[in-house]
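structure-v3.txt (compact mmCIF, C-alpha atoms) appears below.
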# COMPACT_ATOMS: atom_id res chain seq x y z
CA MET A 22 125.15 -73.39 -94.26
CA GLU A 23 126.43 -70.16 -92.65
CA LEU A 24 126.13 -67.16 -94.95
CA LEU A 25 128.82 -64.50 -95.30
CA ASN A 26 127.97 -61.31 -93.41
CA THR A 27 129.53 -58.95 -95.93
CA VAL A 28 130.67 -55.38 -95.33
CA THR A 29 131.64 -52.74 -97.88
CA VAL A 30 135.27 -52.01 -98.67
CA GLU A 31 135.14 -48.75 -96.73
CA GLU A 32 133.48 -50.43 -93.75
CA ALA A 33 136.20 -53.10 -93.82
CA LYS A 34 138.95 -50.48 -93.91
CA ASN A 35 137.37 -48.65 -90.96
CA LYS A 36 137.25 -51.90 -88.98
CA ILE A 37 140.92 -52.59 -89.81
CA ARG A 38 141.87 -49.06 -88.77
CA GLU A 39 139.99 -49.45 -85.51
CA ALA A 40 141.55 -52.85 -84.76
CA PHE A 41 145.18 -51.94 -85.49
CA GLY A 42 145.36 -48.13 -85.28
CA GLY A 43 146.90 -48.08 -81.80
CA PHE A 44 149.77 -50.43 -82.60
CA SER A 45 153.30 -48.95 -82.57
CA LEU A 46 156.23 -50.41 -84.47
CA LYS A 47 159.72 -50.40 -83.03
CA GLN A 48 162.25 -47.97 -84.45
CA GLU A 49 165.84 -48.44 -85.49
CA ASN A 50 168.63 -46.09 -86.52
CA ILE A 51 170.31 -47.02 -89.80
CA SER A 52 172.66 -45.60 -92.42
CA ILE A 53 171.03 -43.88 -95.39
CA LEU A 54 172.94 -46.34 -97.59
CA ASP A 55 170.63 -49.06 -96.24
CA ALA A 56 167.48 -46.94 -96.21
CA VAL A 57 165.96 -47.22 -99.71
CA GLY A 58 162.41 -48.54 -99.35
CA ARG A 59 162.33 -48.01 -95.57
CA TYR A 60 159.75 -45.85 -93.79
CA LEU A 61 160.75 -42.85 -91.69
CA ALA A 62 159.86 -43.04 -88.00
CA LYS A 63 160.45 -39.31 -87.47
CA ASP A 64 160.18 -36.11 -89.48
CA ILE A 65 163.41 -35.01 -91.15
CA ILE A 66 164.15 -31.35 -90.33
CA VAL A 67 166.66 -29.51 -92.50
CA PRO A 68 169.67 -28.51 -90.33
CA ILE A 69 171.24 -26.08 -92.84
CA ASP A 70 170.29 -23.66 -95.60
CA VAL A 71 170.59 -25.16 -99.08
CA PRO A 72 172.39 -23.66 -100.82
CA GLY A 73 174.44 -22.12 -98.05
CA PHE A 74 175.33 -19.12 -100.22
CA ASP A 75 174.07 -17.28 -103.30
CA ARG A 76 175.26 -19.28 -106.31
CA SER A 77 175.14 -19.18 -110.09
CA THR A 78 173.03 -21.69 -112.02
CA VAL A 79 174.98 -21.11 -115.27
CA ASP A 80 178.46 -20.39 -116.56
CA GLY A 81 178.57 -16.64 -117.09
CA TYR A 82 179.28 -13.22 -115.67
CA ALA A 83 178.06 -11.89 -112.32
CA VAL A 84 176.60 -8.45 -112.95
CA ILE A 85 174.31 -5.77 -111.60
CA SER A 86 171.22 -6.41 -113.71
CA LYS A 87 170.47 -2.74 -114.43
CA ASP A 88 173.88 -2.47 -116.14
CA THR A 89 172.54 -4.84 -118.85
CA PHE A 90 169.18 -3.16 -119.55
CA GLY A 91 168.78 -2.32 -123.24
CA ALA A 92 171.63 -4.58 -124.38
CA SER A 93 171.10 -6.53 -127.61
CA GLU A 94 173.14 -8.13 -130.41
CA SER A 95 172.85 -4.98 -132.51
CA VAL A 96 173.42 -2.58 -129.62
CA PRO A 97 175.45 -4.46 -126.99
CA GLY A 98 176.47 -3.21 -123.59
CA PHE A 99 180.04 -3.28 -122.31
CA LEU A 100 181.26 -4.13 -118.82
CA LYS A 101 184.79 -4.13 -117.45
CA TYR A 102 186.04 -7.64 -116.70
CA LYS A 103 187.66 -7.73 -113.25
CA ASP A 104 188.44 -11.38 -112.38
CA GLN A 105 187.01 -14.89 -112.11
CA ILE A 106 185.46 -16.61 -109.11
CA GLU A 107 187.03 -20.00 -108.42
CA MET A 108 184.73 -22.97 -107.86
CA GLY A 109 184.51 -24.09 -104.24
CA LYS A 110 186.02 -20.91 -102.85
CA LYS A 111 184.57 -17.85 -101.17
CA ALA A 112 183.97 -14.85 -103.42
CA ASP A 113 185.87 -12.15 -101.51
CA VAL A 114 185.07 -9.32 -103.94
CA THR A 115 182.25 -6.88 -104.62
CA VAL A 116 180.66 -6.15 -107.99
CA ARG A 117 180.29 -2.45 -108.67
CA THR A 118 178.44 -0.65 -111.45
CA GLY A 119 180.18 -1.13 -114.81
CA ASN A 120 182.11 -4.22 -113.67
CA CYS A 121 181.60 -7.98 -113.89
CA TYR A 122 183.19 -11.23 -112.68
CA TYR A 123 183.23 -14.61 -114.38
CA VAL A 124 181.53 -17.32 -112.29
CA PRO A 125 181.13 -21.03 -113.13
CA THR A 126 177.92 -23.02 -112.63
CA GLY A 127 177.49 -23.61 -108.91
CA GLY A 128 180.09 -20.98 -108.02
CA MET A 129 179.56 -18.50 -105.19
CA LEU A 130 178.31 -15.07 -106.26
CA PRO A 131 180.22 -11.99 -105.13
CA GLU A 132 178.62 -9.22 -103.10
CA GLY A 133 176.81 -6.55 -105.09
CA CYS A 134 175.62 -8.66 -108.04
CA ASP A 135 171.99 -9.66 -108.45
CA SER A 136 172.09 -11.73 -111.65
CA VAL A 137 174.29 -13.68 -114.07
CA VAL A 138 174.56 -13.26 -117.85
CA MET A 139 175.01 -16.62 -119.58
CA ILE A 140 178.34 -16.88 -121.37
CA GLU A 141 176.47 -17.72 -124.61
CA TYR A 142 175.20 -14.10 -124.70
CA THR A 143 178.59 -12.48 -124.24
CA GLU A 144 181.80 -11.88 -126.17
CA VAL A 145 185.26 -11.07 -124.84
CA LEU A 146 186.81 -7.92 -126.31
CA GLY A 147 190.16 -7.35 -124.59
CA ASN A 148 189.40 -6.38 -120.98
CA ASP A 149 185.75 -5.74 -121.76
CA ILE A 150 182.82 -8.13 -121.87
CA CYS A 151 180.30 -7.46 -124.61
CA ILE A 152 176.77 -8.08 -123.25
CA GLN A 153 174.30 -9.06 -126.02
CA ARG A 154 171.24 -9.76 -123.91
CA PRO A 155 169.80 -8.13 -120.77
CA VAL A 156 169.06 -10.06 -117.57
CA ALA A 157 166.40 -9.42 -114.95
CA PRO A 158 167.15 -9.20 -111.22
CA GLY A 159 167.60 -12.73 -109.84
CA GLU A 160 168.04 -14.33 -113.26
CA ASN A 161 170.34 -17.39 -113.27
CA VAL A 162 170.81 -17.05 -109.51
CA LEU A 163 169.94 -19.48 -106.70
CA LYS A 164 169.68 -17.54 -103.46
CA LYS A 165 170.84 -18.82 -100.08
CA GLY A 166 168.17 -21.11 -98.62
CA GLU A 167 166.03 -20.93 -101.79
CA ASP A 168 166.15 -24.72 -102.24
CA LEU A 169 165.81 -25.65 -98.56
CA LYS A 170 165.64 -23.46 -95.48
CA ARG A 171 167.01 -24.42 -92.09
CA GLY A 172 164.10 -25.73 -89.98
CA ASP A 173 161.98 -26.91 -92.92
CA ILE A 174 160.46 -30.40 -92.72
CA ILE A 175 161.76 -32.10 -95.84
CA PHE A 176 160.25 -35.57 -95.27
CA LYS A 177 157.44 -36.45 -92.90
CA LYS A 178 157.17 -39.44 -90.60
CA GLY A 179 155.94 -42.42 -92.61
CA HIS A 180 157.59 -41.35 -95.86
CA LYS A 181 158.92 -44.28 -97.91
CA LEU A 182 162.45 -43.40 -98.94
CA ARG A 183 163.39 -43.35 -102.64
CA PRO A 184 166.85 -43.13 -104.27
CA GLN A 185 166.48 -39.36 -104.82
CA ASP A 186 165.58 -38.94 -101.15
CA ILE A 187 168.84 -40.61 -100.11
CA GLY A 188 170.76 -38.06 -102.18
CA MET A 189 168.82 -35.24 -100.56
CA LEU A 190 169.59 -36.55 -97.08
CA ALA A 191 173.28 -36.70 -97.93
CA GLY A 192 173.05 -33.14 -99.26
CA ILE A 193 171.90 -31.84 -95.88
CA GLY A 194 174.49 -33.88 -93.97
CA THR A 195 172.06 -36.45 -92.56
CA ILE A 196 173.80 -39.83 -92.74
CA ASN A 197 171.87 -41.85 -90.14
CA ILE A 198 168.10 -41.82 -89.76
CA ASP A 199 165.36 -43.36 -87.61
CA VAL A 200 163.11 -45.77 -89.49
CA TYR A 201 160.39 -48.22 -88.52
CA GLU A 202 161.39 -51.83 -88.17
CA LYS A 203 160.46 -54.02 -91.11
CA LEU A 204 157.13 -55.73 -90.65
CA ARG A 205 157.49 -59.49 -90.33
CA VAL A 206 155.12 -61.36 -92.61
CA SER A 207 154.34 -65.08 -92.75
CA ILE A 208 152.57 -66.56 -95.77
CA ILE A 209 150.63 -69.83 -95.74
CA SER A 210 149.09 -71.38 -98.85
CA THR A 211 146.51 -74.08 -98.13
CA GLY A 212 145.36 -76.91 -100.36
CA ASP A 213 145.84 -80.64 -100.91
CA GLU A 214 146.49 -79.92 -104.59
CA LEU A 215 149.42 -77.55 -104.03
CA VAL A 216 153.06 -78.52 -104.55
CA SER A 217 156.29 -76.57 -104.65
CA PRO A 218 157.28 -75.02 -108.00
CA THR A 219 160.32 -77.33 -107.98
CA GLU A 220 158.26 -80.55 -107.71
CA ASP A 221 157.00 -82.61 -110.63
CA LEU A 222 153.25 -82.45 -111.02
CA LYS A 223 150.95 -85.42 -110.61
CA LEU A 224 147.51 -85.41 -112.16
CA GLY A 225 145.24 -83.10 -110.16
CA GLN A 226 148.10 -81.09 -108.62
CA ILE A 227 149.08 -77.47 -109.32
CA LYS A 228 152.24 -75.54 -108.54
CA ASP A 229 151.98 -73.04 -105.70
CA MET A 230 151.79 -69.47 -107.02
CA ASN A 231 150.22 -67.44 -104.23
CA THR A 232 153.05 -67.93 -101.75
CA TYR A 233 155.43 -66.34 -104.26
CA SER A 234 153.21 -63.53 -105.56
CA LEU A 235 152.17 -62.54 -102.03
CA SER A 236 155.80 -62.66 -100.89
CA ALA A 237 156.80 -60.34 -103.71
CA ALA A 238 153.95 -57.97 -102.89
CA SER A 239 154.97 -57.92 -99.22
CA ILE A 240 158.62 -57.24 -100.05
CA GLU A 241 157.54 -54.44 -102.38
CA ASP A 242 155.66 -52.95 -99.42
CA GLY A 243 158.88 -52.93 -97.36
CA CYS A 244 158.22 -56.07 -95.31
CA ASN A 245 160.48 -58.96 -94.29
CA VAL A 246 158.90 -62.28 -95.28
CA ILE A 247 160.01 -64.72 -92.57
CA GLU A 248 157.88 -67.75 -93.48
CA ARG A 249 156.60 -69.24 -96.75
CA THR A 250 154.87 -72.59 -96.52
CA ILE A 251 152.23 -74.89 -97.96
CA VAL A 252 149.78 -76.58 -95.57
CA LYS A 253 147.48 -79.40 -96.59
CA ASP A 254 143.73 -79.12 -95.99
CA HIS A 255 143.85 -80.47 -92.47
CA ARG A 256 142.48 -78.45 -89.57
CA ASP A 257 145.13 -79.40 -87.00
CA LEU A 258 148.01 -78.81 -89.44
CA LEU A 259 146.67 -75.37 -90.26
CA LYS A 260 146.09 -74.51 -86.61
CA ASN A 261 149.62 -75.54 -85.62
CA LYS A 262 151.19 -73.52 -88.42
CA ILE A 263 149.13 -70.37 -87.73
CA GLU A 264 149.97 -70.60 -84.00
CA GLU A 265 153.66 -70.84 -84.87
CA CYS A 266 153.50 -67.89 -87.29
CA VAL A 267 151.51 -65.65 -84.94
CA LYS A 268 154.31 -65.82 -82.34
CA ASN A 269 156.88 -64.22 -84.67
CA SER A 270 154.87 -62.18 -87.19
CA HIS A 271 153.15 -58.84 -87.42
CA ILE A 272 150.99 -60.13 -90.30
CA VAL A 273 149.97 -63.66 -91.30
CA LEU A 274 148.53 -64.22 -94.79
CA ILE A 275 146.56 -67.42 -95.34
CA SER A 276 145.73 -68.12 -98.96
CA GLY A 277 142.75 -70.43 -99.49
CA GLY A 278 140.25 -71.80 -97.00
CA SER A 279 138.25 -68.58 -96.63
CA SER A 280 135.12 -69.66 -98.52
CA MET A 281 132.25 -71.78 -97.19
CA GLY A 282 133.22 -75.28 -98.40
CA ASN A 283 133.74 -78.37 -96.26
CA LYS A 284 137.50 -77.78 -96.00
CA ASP A 285 137.33 -74.00 -95.63
CA PHE A 286 137.95 -73.76 -91.89
CA THR A 287 140.36 -70.79 -91.69
CA LYS A 288 137.82 -68.65 -89.81
CA ASP A 289 137.15 -71.31 -87.16
CA VAL A 290 140.86 -72.03 -86.70
CA ILE A 291 141.67 -68.35 -86.14
CA ASN A 292 138.87 -68.06 -83.60
CA ASP A 293 140.10 -71.21 -81.80
CA ILE A 294 143.66 -69.88 -81.47
CA GLY A 295 142.98 -66.60 -79.70
CA SER A 296 141.08 -63.37 -79.35
CA PRO A 297 139.64 -61.13 -80.54
CA GLY A 298 139.64 -63.48 -83.54
CA VAL A 299 137.88 -62.87 -86.86
CA PHE A 300 136.07 -59.55 -87.15
CA ILE A 301 135.47 -59.54 -90.91
CA HIS A 302 134.29 -62.50 -92.99
CA GLY A 303 132.97 -61.36 -96.34
CA VAL A 304 133.48 -58.11 -98.22
CA SER A 305 131.24 -56.70 -100.95
CA VAL A 306 133.97 -56.81 -103.57
CA LYS A 307 134.63 -58.67 -106.81
CA PRO A 308 136.90 -60.58 -106.87
CA GLY A 309 137.49 -61.62 -103.25
CA LYS A 310 134.09 -61.71 -101.53
CA PRO A 311 135.00 -64.40 -98.89
CA THR A 312 137.91 -62.36 -97.46
CA ILE A 313 138.71 -62.88 -93.77
CA VAL A 314 140.36 -60.36 -91.46
CA GLY A 315 141.22 -61.25 -87.88
CA LYS A 316 143.47 -60.42 -84.98
CA ILE A 317 145.22 -62.58 -82.41
CA GLY A 318 146.96 -60.51 -79.76
CA THR A 319 148.63 -57.81 -81.85
CA THR A 320 149.06 -59.92 -85.00
CA ALA A 321 146.91 -59.25 -88.07
CA LEU A 322 145.60 -62.27 -89.97
CA PHE A 323 144.16 -62.19 -93.48
CA GLY A 324 142.32 -65.11 -95.02
CA LEU A 325 142.72 -64.47 -98.73
CA PRO A 326 140.97 -66.29 -101.57
CA GLY A 327 142.91 -69.17 -103.09
CA GLN A 328 142.41 -67.91 -106.63
CA PRO A 329 145.61 -66.04 -107.61
CA VAL A 330 144.03 -62.88 -109.03
CA SER A 331 141.56 -62.60 -106.14
CA ALA A 332 144.35 -63.06 -103.61
CA LEU A 333 146.48 -60.27 -105.09
CA VAL A 334 143.54 -57.90 -105.51
CA ILE A 335 142.56 -58.34 -101.86
CA TYR A 336 146.19 -57.93 -100.83
CA LYS A 337 146.34 -54.59 -102.67
CA ILE A 338 143.04 -53.37 -101.19
CA PHE A 339 143.46 -54.39 -97.55
CA VAL A 340 146.93 -55.69 -96.66
CA SER A 341 148.74 -52.81 -98.38
CA PHE A 342 146.28 -50.46 -96.70
CA LEU A 343 147.19 -51.83 -93.26
CA ILE A 344 150.93 -51.76 -93.97
CA ASN A 345 151.17 -48.30 -95.46
CA ASN A 346 148.35 -46.24 -93.98
CA ILE A 347 148.28 -47.65 -90.45
CA TYR A 348 151.54 -49.36 -89.50
CA TYR A 349 153.90 -47.03 -91.39
CA ASN A 350 151.71 -43.90 -91.30
CA GLU A 351 152.52 -43.19 -94.93
CA GLU A 352 150.39 -40.74 -96.88
CA VAL A 353 149.73 -43.08 -99.80
CA ILE A 354 148.86 -41.55 -103.16
CA ASN A 355 147.88 -44.25 -105.63
CA GLN A 356 149.41 -43.70 -109.05
CA TYR A 357 146.86 -43.60 -111.85
CA ILE A 358 146.22 -42.45 -115.39
CA GLU A 359 142.94 -41.63 -117.09
CA GLY A 360 141.57 -42.89 -120.38
CA GLU A 361 138.49 -44.13 -122.22
CA ILE A 362 137.17 -47.63 -121.63
CA SER A 363 137.08 -49.57 -124.91
CA VAL A 364 133.97 -51.70 -124.28
CA ASN A 365 130.87 -51.90 -122.08
CA ILE A 366 131.60 -53.67 -118.77
CA PRO A 367 128.59 -54.82 -116.73
CA SER A 368 128.71 -54.92 -112.95
CA ALA A 369 126.16 -55.89 -110.32
CA PRO A 370 125.39 -53.03 -107.90
CA GLY A 371 126.14 -53.68 -104.25
CA ARG A 372 129.84 -54.50 -104.43
CA GLU A 373 133.02 -52.90 -105.66
CA HIS A 374 134.28 -54.52 -108.82
CA TYR A 375 137.96 -54.51 -109.77
CA VAL A 376 138.71 -55.08 -113.47
CA MET A 377 142.21 -55.86 -114.74
CA VAL A 378 143.08 -53.63 -117.72
CA ASN A 379 145.71 -52.73 -120.26
CA ILE A 380 146.52 -49.31 -121.67
CA ARG A 381 146.86 -48.38 -125.33
CA GLU A 382 147.92 -44.95 -126.56
CA GLU A 383 146.28 -43.62 -129.71
CA ILE A 384 146.97 -40.33 -131.49
CA ASP A 385 144.32 -38.34 -129.67
CA LYS A 386 143.40 -40.45 -126.64
CA THR A 387 144.36 -43.13 -124.13
CA VAL A 388 142.33 -46.33 -124.52
CA ILE A 389 141.71 -48.67 -121.58
CA GLU A 390 141.09 -52.32 -122.48
CA PRO A 391 139.95 -55.04 -120.06
CA VAL A 392 142.10 -58.15 -119.67
CA TYR A 393 139.75 -61.09 -119.91
CA GLY A 394 140.04 -64.28 -117.90
CA LYS A 395 138.81 -66.09 -114.82
CA SER A 396 139.93 -65.46 -111.25
CA GLY A 397 142.12 -68.58 -111.24
CA MET A 398 144.23 -67.26 -114.10
CA LEU A 399 147.34 -65.55 -112.75
CA SER A 400 148.19 -64.54 -116.33
CA MET A 401 145.44 -61.92 -116.05
CA MET A 402 147.42 -60.02 -113.44
CA ALA A 403 150.73 -60.51 -115.27
CA LYS A 404 149.29 -59.15 -118.52
CA ALA A 405 147.54 -56.19 -116.88
CA ARG A 406 149.07 -52.74 -116.39
CA GLY A 407 146.59 -51.84 -113.65
CA TYR A 408 142.97 -52.03 -112.60
CA VAL A 409 139.77 -50.01 -112.87
CA LYS A 410 137.48 -49.79 -109.86
CA ILE A 411 133.72 -49.90 -110.49
CA LYS A 412 132.09 -48.38 -107.43
CA THR A 413 129.53 -50.13 -105.23
CA ASN A 414 126.43 -48.41 -106.62
CA GLN A 415 127.64 -48.20 -110.21
CA GLU A 416 125.97 -50.42 -112.82
CA GLY A 417 129.06 -51.05 -114.89
CA LEU A 418 130.95 -48.91 -117.42
CA ILE A 419 129.85 -47.64 -120.82
CA LYS A 420 132.15 -47.74 -123.86
CA GLY A 421 133.94 -44.40 -124.21
CA GLU A 422 133.44 -43.47 -120.54
CA LYS A 423 136.37 -41.80 -118.80
CA VAL A 424 137.95 -44.12 -116.22
CA ARG A 425 140.86 -44.00 -113.82
CA VAL A 426 143.44 -46.81 -114.03
CA PHE A 427 145.36 -47.51 -110.82
CA LEU A 428 148.79 -48.75 -111.83
CA PHE A 429 150.51 -51.85 -110.48

Could you render the structure from this file as structure tokens?
Amino acid sequence: MELLNTVTVEEAKNKIREAFGGFSLKQENISILDAVGRYLAKDIIVPIDVPGFDRSTVDGYAVISKDTFGASESVPGFLKYKDQIEMGKKADVTVRTGNCYYVPTGGMLPEGCDSVVMIEYTEVLGNDICIQRPVAPGENVLKKGEDLKRGDIIFKKGHKLRPQDIGMLAGIGTINIDVYEKLRVSIISTGDELVSPTEDLKLGQIKDMNTYSLSAASIEDGCNVIERTIVKDHRDLLKNKIEECVKNSHIVLISGGSSMGNKDFTKDVINDIGSPGVFIHGVSVKPGKPTIVGKIGTTALFGLPGQPVSALVIYKIFVSFLINNIYYNEEVINQYIEGEISVNIPSAPGREHYVMVNIREEIDKTVIEPVYGKSGMLSMMAKARGYVKIKTNQEGLIKGEKVRVFLF
């Protein structure tokens, strides 16, 4: 029997980067209203100063700060009230020593003032304003261009747009943007035992889970899933379906058939279809050791384990890596929290080990608890809040050890 020629996770990522690093996605220009979750194809350069004028951040009185020095509730200062600045209009006046103007939050500041006294620290006495607290130069003031300066790069190429980003784009007058096309993903689950979730089960059959979980993961990564299908364990059926998917997809995910059993012929089928074929078969990782990565033309193919947890773990490690770091050029920062592991967890050196965990907050610490189960149990992933990575040369974790939980 052929043995897996395993590589480390980092070696696998380097091979993936080398195989697909030169590929360029098409670009399209879309409205920002359709852009949430899309990836920028170009840097966004700020075309205007934000704000475009000096403005107040509070309701209060525009003053010259030195006129307020020494003011207090017991010994207040007094300034002559001149007028109010109307919201949304130019402030065509100048503040002079001993005077002040009322300005609302967001209102334009008149010439001459360098700060604003909050209305809570003032009292109106006829035509005078009683100042009960001093302000420093620049206090309660947002200067022109202090938020964003014309020419700044606000978002870099590859940035995945969030709802707050859409608001920012609108705020600088950018309504249409260039984004990368959505990656087209096809997902194939293999197995004689698999049936659709809508079918009644016969003894020995199971409902297909991987097609749906991998579809959801791909959509979350900004992809367009164009094919979801189950293929029985028949070489010609699998070959025909992969050939069909390769023609229209950037990525093809094949769940099952990556191990070394009699019906595990995914590697051979990929190699038969085209070149360069499979360049990874076996990764030093738990779960997911028999992972396959290949390439036909410009299409990436991943042979994922059939076990649901293993399939999703390998998707997170390698498919998301290809999508975000290489195709979309996004600077990915994995979200994590730190805490103490609640029990000893053994691990065999020589492979990265990914452990599903939950998080419990106690009064003085964050406790990380493993979610127990076998790789065929999708409930493990559903119950988990994230995972802990045990490094290749690490002999497990010791109870109380600080660990980093990468969040789902």

* Asked: range 364-381 of chain A: which residues within 6 Å, counting all atoms listed in the file, same-chain residues fewer than 3 positions away excluded, as a ChimeraX atom specification?
  -> /A:305-307,387-392,405-420

* Point-to-point distance in Å for CA of Tyr348 in chain A and CA of Lys181 in chain A ->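 Separation between CA of Lys181 in chain A and CA of Tyr348 in chain A: 12.3 Å.
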
* Show which residues sit within 10 Å of Ser45 in chain A, as a count of residues only. Count all atoms listed in the file, and ignore same-chain residues fewer than 5 positions away. => 4

* Straight-line distance linking CA of Ile140 in chain A with CA of Ser86 in chain A, stated in Å to one decimal ->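 The value is 14.8 Å.
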
* Within 12 Å of Cys266 in chain A using only C-alpha atoms, minus same-chain residues under 5 positions, as an NGL selection string -> :A and (205-209 or 246-250 or 259-261 or 271-275 or 291 or 294 or 317 or 320-322)

Hey, could you patch up range 411-422 of chain A with N, CA and C atoms and hand it over as a PDB file, in the coordinates of the input?
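Okay, part_23.pdb is ready:
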ATOM      1  N   ILE A 411     135.131 -50.244-110.277  1.00  0.00           N
ATOM      2  CA  ILE A 411     133.720 -49.900-110.490  1.00  0.00           C
ATOM      3  C   ILE A 411     133.081 -49.795-109.109  1.00  0.00           C
ATOM      4  N   LYS A 412     132.563 -48.647-108.784  1.00  0.00           N
ATOM      5  CA  LYS A 412     132.090 -48.380-107.430  1.00  0.00           C
ATOM      6  C   LYS A 412     130.851 -49.202-107.080  1.00  0.00           C
ATOM      7  N   THR A 413     130.569 -49.257-105.771  1.00  0.00           N
ATOM      8  CA  THR A 413     129.530 -50.130-105.230  1.00  0.00           C
ATOM      9  C   THR A 413     128.173 -49.921-105.894  1.00  0.00           C
ATOM     10  N   ASN A 414     127.768 -48.692-106.087  1.00  0.00           N
ATOM     11  CA  ASN A 414     126.430 -48.410-106.620  1.00  0.00           C
ATOM     12  C   ASN A 414     126.442 -48.084-108.107  1.00  0.00           C
ATOM     13  N   GLN A 415     127.485 -48.481-108.793  1.00  0.00           N
ATOM     14  CA  GLN A 415     127.640 -48.200-110.210  1.00  0.00           C
ATOM     15  C   GLN A 415     127.291 -49.439-111.035  1.00  0.00           C
ATOM     16  N   GLU A 416     126.396 -49.282-112.001  1.00  0.00           N
ATOM     17  CA  GLU A 416     125.970 -50.420-112.820  1.00  0.00           C
ATOM     18  C   GLU A 416     126.863 -50.573-114.044  1.00  0.00           C
ATOM     19  N   GLY A 417     128.140 -50.796-113.800  1.00  0.00           N
ATOM     20  CA  GLY A 417     129.060 -51.050-114.890  1.00  0.00           C
ATOM     21  C   GLY A 417     129.601 -49.789-115.545  1.00  0.00           C
ATOM     22  N   LEU A 418     130.328 -49.995-116.661  1.00  0.00           N
ATOM     23  CA  LEU A 418     130.950 -48.910-117.420  1.00  0.00           C
ATOM     24  C   LEU A 418     130.441 -48.942-118.852  1.00  0.00           C
ATOM     25  N   ILE A 419     130.328 -47.761-119.447  1.00  0.00           N
ATOM     26  CA  ILE A 419     129.850 -47.640-120.820  1.00  0.00           C
ATOM     27  C   ILE A 419     131.027 -47.320-121.732  1.00  0.00           C
ATOM     28  N   LYS A 420     131.080 -47.967-122.886  1.00  0.00           N
ATOM     29  CA  LYS A 420     132.150 -47.740-123.860  1.00  0.00           C
ATOM     30  C   LYS A 420     132.349 -46.241-124.091  1.00  0.00           C
ATOM     31  N   GLY A 421     133.609 -45.803-124.017  1.00  0.00           N
ATOM     32  CA  GLY A 421     133.940 -44.400-124.210  1.00  0.00           C
ATOM     33  C   GLY A 421     133.951 -43.583-122.930  1.00  0.00           C
ATOM     34  N   GLU A 422     133.485 -44.171-121.823  1.00  0.00           N
ATOM     35  CA  GLU A 422     133.440 -43.470-120.540  1.00  0.00           C
ATOM     36  C   GLU A 422     134.859 -43.253-120.005  1.00  0.00           C
TER      37      GLU A 422
END
